[in-house]
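For reference, the structure is listed below as structure tokens.
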Amino acid sequence: MDIDSMSVLDLRKELGERGLNTKGRKEELLRRLNEARQKDRINTSNETFELTTTRTSTLHEIRWEIDWHVLEQIKQSQDGEDNGEMLESAPCKIMSHDWGCYVEKFKEDKFLSFYVYGHDSAKASYSLYMKSSKTLEWKLDQDAGYYDGGWSRGWGWRCWKKVSQLKQNHVINGKIEIKVKLHIYNDIKHTCSKVLAAIPTAPKPELKSRNERMLNEKIHTDVTLKCQDVEIEAHKAILASSSEVFAAMFNVREEGI
């Protein structure tokens with residue numbers, strides 16, 4: 001609402017909601033409210049910053065054909081060992097580092113583990129595809145997601161597939177065909193953009209403003225302070241909480257303050 005078209009009642013209502021003095025002529029109320037609104041406009045001009053992080057990556061592909069008869073013959077883990085014999089792909093040179101994958105028999109009977117290895121401090125993700133023996137099409141098998149370092153140890157699945165499942169669904173001409181789509185994130189950018197702060201609603205009255213209003217308008221005053229010819233109406237609770245002297249005087253119920 002335009003401030004100049006507001007009635008005295010509306011002016012006092014908004015001033016009261018802001019915890020400001022509602023007494024005075026209309027000109028005074030207009031000036032008081034105009035100053036308050038001007039402060040609001042200054043506060044809303046403040047800007048905040050939003051940080052956005054984007055990664056750019058390069059896509060690489062690792063292909064591996066595993067001879068089924070060789071895979072069947074890798075040894076199971078022995079007593080006290082978690083994993084058995086390992087079968088490893090030929091390494092691929094990607095961004096000056098060796099990358100590859102390997103499988104091994106897990107101690108739980110008839111299960112294989114699958115891992116991708118590479119540069120230890122790389123930030124990367126990969127998806128594993130396998131060719132189906134029924135359709136001869138590549139199908140997504142597993143999505144490993146994003147991994148931040150530790151690639152030299154390998155990253156994948158301990159209980160990946162049962163040997164019987166591989167034989168039934170993926171053996172083509174005595175081989176299993178595997179494809180790894182590897183994303184290596186080689187550039188991380190941080191961008192900063194300005195965002196206007198949200199326009200605030202009318203501020204809630206602060207305690208100080210409320211106390212000033214109650215004092216100025218003599219709301220619920222319960223004590224009168226006299227100094228020569230000057231009288232000031234006040235509140236016992238405020239005086240007692242602010243001064244040990246007043247607190248003691250009110251406790252013994254002295255009069256003529």
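Every chain in the structure tokens has a letter given in the order shown (A, B, ...), and although residue numbers restart at 1 in each chain, ligands are simply numbered from 1 in the order shown.
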Within 7 Å of Gly150 of chain A using only C-alpha atoms, minus same-chain residues under 2 positions, as a PDB file with N, CA, C and O atoms, in the first residue's frame:
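And here is the file that came out, out.pdb:
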ATOM      1  N   ASP A 120      45.905 -44.548  -8.685  1.00  0.00           N
ATOM      2  CA  ASP A 120      45.391 -44.572  -7.309  1.00  0.00           C
ATOM      3  C   ASP A 120      44.633 -43.318  -6.919  1.00  0.00           C
ATOM      4  O   ASP A 120      43.633 -43.384  -6.210  1.00  0.00           O
ATOM      5  N   SER A 121      45.081 -42.137  -7.363  1.00  0.00           N
ATOM      6  CA  SER A 121      44.447 -40.885  -6.922  1.00  0.00           C
ATOM      7  C   SER A 121      43.413 -40.369  -7.912  1.00  0.00           C
ATOM      8  O   SER A 121      42.951 -39.236  -7.781  1.00  0.00           O
ATOM      9  N   SER A 152      44.135 -48.207  -7.085  1.00  0.00           N
ATOM     10  CA  SER A 152      45.171 -49.241  -7.210  1.00  0.00           C
ATOM     11  C   SER A 152      44.749 -50.540  -6.528  1.00  0.00           C
ATOM     12  O   SER A 152      45.188 -51.630  -6.896  1.00  0.00           O
ATOM     13  N   ARG A 153      43.870 -50.449  -5.552  1.00  0.00           N
ATOM     14  CA  ARG A 153      43.365 -51.645  -4.859  1.00  0.00           C
ATOM     15  C   ARG A 153      42.210 -52.292  -5.610  1.00  0.00           C
ATOM     16  O   ARG A 153      41.812 -53.407  -5.298  1.00  0.00           O
TER      17      ARG A 153
END
Extract, using only C-alpha atoms, all DNA, RNA and protein residues at most 10 Å from Tyr117 of chain A, discarding same-chain residues fewer than 6 positions from it, and format them as a count of residues only.
13
Against segment 54-63 of chain A, which residues of segment 107-179 of chain A fall within 9 Å? For each one I want the closest pair of atoms and the distance in Å (one decimal), counting only C-alpha atoms, rows by chain and increasing residue number, as CSV.
residue,atom,partner,partner_atom,distance
A:Ala124,CA,A:Ser57,CA,8.4
A:Glu177,CA,A:Arg63,CA,7.5
A:Ile178,CA,A:Arg63,CA,5.7
A:Lys179,CA,A:Arg63,CA,4.5
Okay, now the selection with all heavy atoms, as a PDB file, in the first residue's frame?
ATOM      1  N   ALA A 124      37.038 -40.979 -10.534  1.00  0.00           N
ATOM      2  CA  ALA A 124      36.430 -41.614 -11.697  1.00  0.00           C
ATOM      3  C   ALA A 124      35.166 -42.376 -11.317  1.00  0.00           C
ATOM      4  O   ALA A 124      34.844 -42.562 -10.145  1.00  0.00           O
ATOM      5  CB  ALA A 124      37.442 -42.556 -12.361  1.00  0.00           C
ATOM      6  N   GLU A 177      32.321 -61.709 -22.954  1.00  0.00           N
ATOM      7  CA  GLU A 177      32.746 -60.386 -23.399  1.00  0.00           C
ATOM      8  C   GLU A 177      32.298 -59.325 -22.386  1.00  0.00           C
ATOM      9  O   GLU A 177      31.114 -59.245 -22.024  1.00  0.00           O
ATOM     10  CB  GLU A 177      32.162 -60.069 -24.783  1.00  0.00           C
ATOM     11  CG  GLU A 177      32.713 -60.978 -25.866  1.00  0.00           C
ATOM     12  CD  GLU A 177      32.246 -60.562 -27.250  1.00  0.00           C
ATOM     13  OE1 GLU A 177      32.344 -59.342 -27.553  1.00  0.00           O
ATOM     14  OE2 GLU A 177      31.782 -61.436 -28.003  1.00  0.00           O
ATOM     15  N   ILE A 178      33.281 -58.529 -21.934  1.00  0.00           N
ATOM     16  CA  ILE A 178      33.048 -57.490 -20.917  1.00  0.00           C
ATOM     17  C   ILE A 178      33.492 -56.145 -21.482  1.00  0.00           C
ATOM     18  O   ILE A 178      34.517 -56.046 -22.164  1.00  0.00           O
ATOM     19  CB  ILE A 178      33.821 -57.813 -19.622  1.00  0.00           C
ATOM     20  CG1 ILE A 178      33.176 -59.007 -18.904  1.00  0.00           C
ATOM     21  CG2 ILE A 178      33.874 -56.603 -18.683  1.00  0.00           C
ATOM     22  CD1 ILE A 178      33.926 -59.466 -17.677  1.00  0.00           C
ATOM     23  N   LYS A 179      32.710 -55.118 -21.178  1.00  0.00           N
ATOM     24  CA  LYS A 179      33.053 -53.753 -21.597  1.00  0.00           C
ATOM     25  C   LYS A 179      32.875 -52.818 -20.404  1.00  0.00           C
ATOM     26  O   LYS A 179      31.826 -52.833 -19.751  1.00  0.00           O
ATOM     27  CB  LYS A 179      32.155 -53.318 -22.760  1.00  0.00           C
ATOM     28  CG  LYS A 179      32.396 -51.905 -23.245  1.00  0.00           C
ATOM     29  CD  LYS A 179      31.659 -51.618 -24.559  1.00  0.00           C
ATOM     30  CE  LYS A 179      30.167 -51.753 -24.432  1.00  0.00           C
ATOM     31  NZ  LYS A 179      29.456 -51.394 -25.694  1.00  0.00           N
TER      32      LYS A 179
END
Got a sec: who's within 12 Å of Glu14 of chain A, counting only C-alpha atoms, leaving out chain neighbours fewer than 3 positions off, as a list in words?
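The contact residues come out as Met1, Ile3, Met6, Ser7, Val8, Leu9, Asp10, Leu11, Glu17, Arg18, Gly19, Leu20, Asn21, Thr22, Leu29, Leu30, Arg32, Leu33, Asn34, Ala36, Arg37, Ala202, Pro203, Lys204 and Pro205 of chain A.
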Using DSSP assignments from the backbone, pull out every residue in segment 116-180 of chain A that falls under alpha helix (DSSP H) and give it to me as an NGL selection string.
:A and (163-169)
Take the residues from that selection and put them in a file with all heavy atoms, as an mmCIF file, in the first residue's frame.
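Final output, out-v8.cif:
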data_model
loop_
_atom_site.group_PDB
_atom_site.id
_atom_site.type_symbol
_atom_site.label_atom_id
_atom_site.label_comp_id
_atom_site.auth_asym_id
_atom_site.auth_seq_id
_atom_site.Cartn_x
_atom_site.Cartn_y
_atom_site.Cartn_z
ATOM 1 N N VAL A 163 29.152 -68.454 -10.979
ATOM 2 C CA VAL A 163 29.760 -69.046 -12.166
ATOM 3 C C VAL A 163 28.693 -69.656 -13.068
ATOM 4 O O VAL A 163 28.728 -69.522 -14.297
ATOM 5 C CB VAL A 163 30.797 -70.119 -11.760
ATOM 6 C CG1 VAL A 163 31.345 -70.839 -12.998
ATOM 7 C CG2 VAL A 163 31.922 -69.492 -10.965
ATOM 8 N N SER A 164 27.704 -70.304 -12.472
ATOM 9 C CA SER A 164 26.626 -70.923 -13.250
ATOM 10 C C SER A 164 25.803 -69.876 -14.009
ATOM 11 O O SER A 164 25.345 -70.125 -15.125
ATOM 12 C CB SER A 164 25.714 -71.723 -12.324
ATOM 13 O OG SER A 164 25.165 -70.881 -11.319
ATOM 14 N N GLN A 165 25.627 -68.698 -13.417
ATOM 15 C CA GLN A 165 24.879 -67.623 -14.058
ATOM 16 C C GLN A 165 25.626 -67.089 -15.272
ATOM 17 O O GLN A 165 25.035 -66.798 -16.317
ATOM 18 C CB GLN A 165 24.626 -66.500 -13.052
ATOM 19 C CG GLN A 165 23.768 -65.367 -13.567
ATOM 20 C CD GLN A 165 23.599 -64.261 -12.544
ATOM 21 O OE1 GLN A 165 24.219 -64.288 -11.473
ATOM 22 N NE2 GLN A 165 22.774 -63.284 -12.864
ATOM 23 N N LEU A 166 26.954 -66.949 -15.152
ATOM 24 C CA LEU A 166 27.762 -66.513 -16.280
ATOM 25 C C LEU A 166 27.695 -67.517 -17.433
ATOM 26 O O LEU A 166 27.549 -67.140 -18.602
ATOM 27 C CB LEU A 166 29.218 -66.333 -15.849
ATOM 28 C CG LEU A 166 29.552 -65.095 -15.015
ATOM 29 C CD1 LEU A 166 30.982 -65.178 -14.510
ATOM 30 C CD2 LEU A 166 29.368 -63.823 -15.833
ATOM 31 N N LYS A 167 27.782 -68.779 -17.103
ATOM 32 C CA LYS A 167 27.757 -69.818 -18.127
ATOM 33 C C LYS A 167 26.437 -69.839 -18.872
ATOM 34 O O LYS A 167 26.386 -70.000 -20.102
ATOM 35 C CB LYS A 167 28.022 -71.175 -17.486
ATOM 36 C CG LYS A 167 28.124 -72.312 -18.493
ATOM 37 C CD LYS A 167 28.487 -73.617 -17.801
ATOM 38 C CE LYS A 167 28.650 -74.744 -18.831
ATOM 39 N NZ LYS A 167 29.018 -76.028 -18.173
ATOM 40 N N GLN A 168 25.366 -69.624 -18.149
ATOM 41 C CA GLN A 168 24.033 -69.700 -18.736
ATOM 42 C C GLN A 168 23.700 -68.490 -19.616
ATOM 43 O O GLN A 168 23.047 -68.629 -20.653
ATOM 44 C CB GLN A 168 22.989 -69.825 -17.622
ATOM 45 C CG GLN A 168 21.558 -69.939 -18.126
ATOM 46 C CD GLN A 168 20.562 -70.063 -16.989
ATOM 47 O OE1 GLN A 168 20.949 -70.155 -15.812
ATOM 48 N NE2 GLN A 168 19.284 -70.078 -17.322
ATOM 49 N N ASN A 169 24.157 -67.299 -19.209
ATOM 50 C CA ASN A 169 23.694 -66.069 -19.868
ATOM 51 C C ASN A 169 24.729 -65.327 -20.694
ATOM 52 O O ASN A 169 24.359 -64.436 -21.480
ATOM 53 C CB ASN A 169 23.144 -65.100 -18.816
ATOM 54 C CG ASN A 169 21.961 -65.664 -18.071
ATOM 55 O OD1 ASN A 169 21.077 -66.286 -18.658
ATOM 56 N ND2 ASN A 169 21.939 -65.450 -16.758
#
To one decimal place, how far is atom CA of Ala240 of chain A from atom CA of Gln228 of chain A in Å?
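Answer for the atom CA of Ala240 of chain A to atom CA of Gln228 of chain A separation: 22.1 Å.
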If you count only C-alpha atoms, which residues fall within 7 Å of Lys175 of chain A, apart from same-chain ones fewer than 4 positions away, as a PyMOL selection string?
chain A and resi 65-68+171
Selection to disk with N, CA, C and O atoms, as an mmCIF file, in the first residue's frame:
data_model
loop_
_atom_site.group_PDB
_atom_site.id
_atom_site.type_symbol
_atom_site.label_atom_id
_atom_site.label_comp_id
_atom_site.auth_asym_id
_atom_site.auth_seq_id
_atom_site.Cartn_x
_atom_site.Cartn_y
_atom_site.Cartn_z
ATOM 1 N N GLU A 65 37.873 -59.929 -23.299
ATOM 2 C CA GLU A 65 37.294 -61.225 -23.643
ATOM 3 C C GLU A 65 37.939 -62.291 -22.766
ATOM 4 O O GLU A 65 39.156 -62.482 -22.795
ATOM 5 N N ILE A 66 37.118 -62.967 -21.982
ATOM 6 C CA ILE A 66 37.627 -63.973 -21.049
ATOM 7 C C ILE A 66 37.345 -65.362 -21.625
ATOM 8 O O ILE A 66 36.192 -65.688 -21.965
ATOM 9 N N ASP A 67 38.383 -66.162 -21.711
ATOM 10 C CA ASP A 67 38.213 -67.550 -22.148
ATOM 11 C C ASP A 67 37.504 -68.335 -21.045
ATOM 12 O O ASP A 67 37.980 -68.378 -19.906
ATOM 13 N N TRP A 68 36.354 -68.912 -21.373
ATOM 14 C CA TRP A 68 35.537 -69.566 -20.361
ATOM 15 C C TRP A 68 36.265 -70.731 -19.692
ATOM 16 O O TRP A 68 36.167 -70.916 -18.471
ATOM 17 N N VAL A 171 28.153 -66.808 -22.007
ATOM 18 C CA VAL A 171 29.193 -67.505 -22.767
ATOM 19 C C VAL A 171 28.812 -67.532 -24.243
ATOM 20 O O VAL A 171 27.755 -68.063 -24.619
#
Name the residues in contact with Phe111 of chain A at a cut-off of 10 Å, using only C-alpha atoms, excluding same-chain residues fewer than 2 positions from it; report them as a ChimeraX atom specification.
/A:76,104-109,113,158-165
Those same residues - C-alpha atoms - I'd like them written as a compact mmCIF listing (two decimals), in the first residue's frame.
# COMPACT_ATOMS: atom_id res chain seq x y z
CA GLN A 76 38.99 -71.43 -5.15
CA GLU A 104 38.75 -63.88 -8.70
CA LYS A 105 36.86 -66.62 -6.97
CA PHE A 106 35.39 -65.54 -3.68
CA LYS A 107 35.47 -67.90 -0.67
CA GLU A 108 31.71 -68.26 -0.84
CA ASP A 109 31.30 -71.21 -3.20
CA SER A 113 34.46 -61.02 -7.63
CA ARG A 158 33.01 -58.96 -4.02
CA CYS A 159 30.04 -61.21 -4.79
CA TRP A 160 29.58 -60.21 -8.42
CA LYS A 161 28.20 -63.26 -10.26
CA LYS A 162 27.70 -66.96 -9.80
CA VAL A 163 29.76 -69.05 -12.17
CA SER A 164 26.63 -70.92 -13.25
CA GLN A 165 24.88 -67.62 -14.06
State, in Å with one decimal place, the distance from atom CA of Glu27 of chain A to atom CA of Leu215 of chain A.
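Atom CA of Leu215 of chain A lies 21.8 Å from atom CA of Glu27 of chain A.
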Just the number, please: distance in Å from atom CA of Val103 of chain A to atom CA of Leu87 of chain A, one decimal.
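Distance reported for this atom pair: 5.3 Å.
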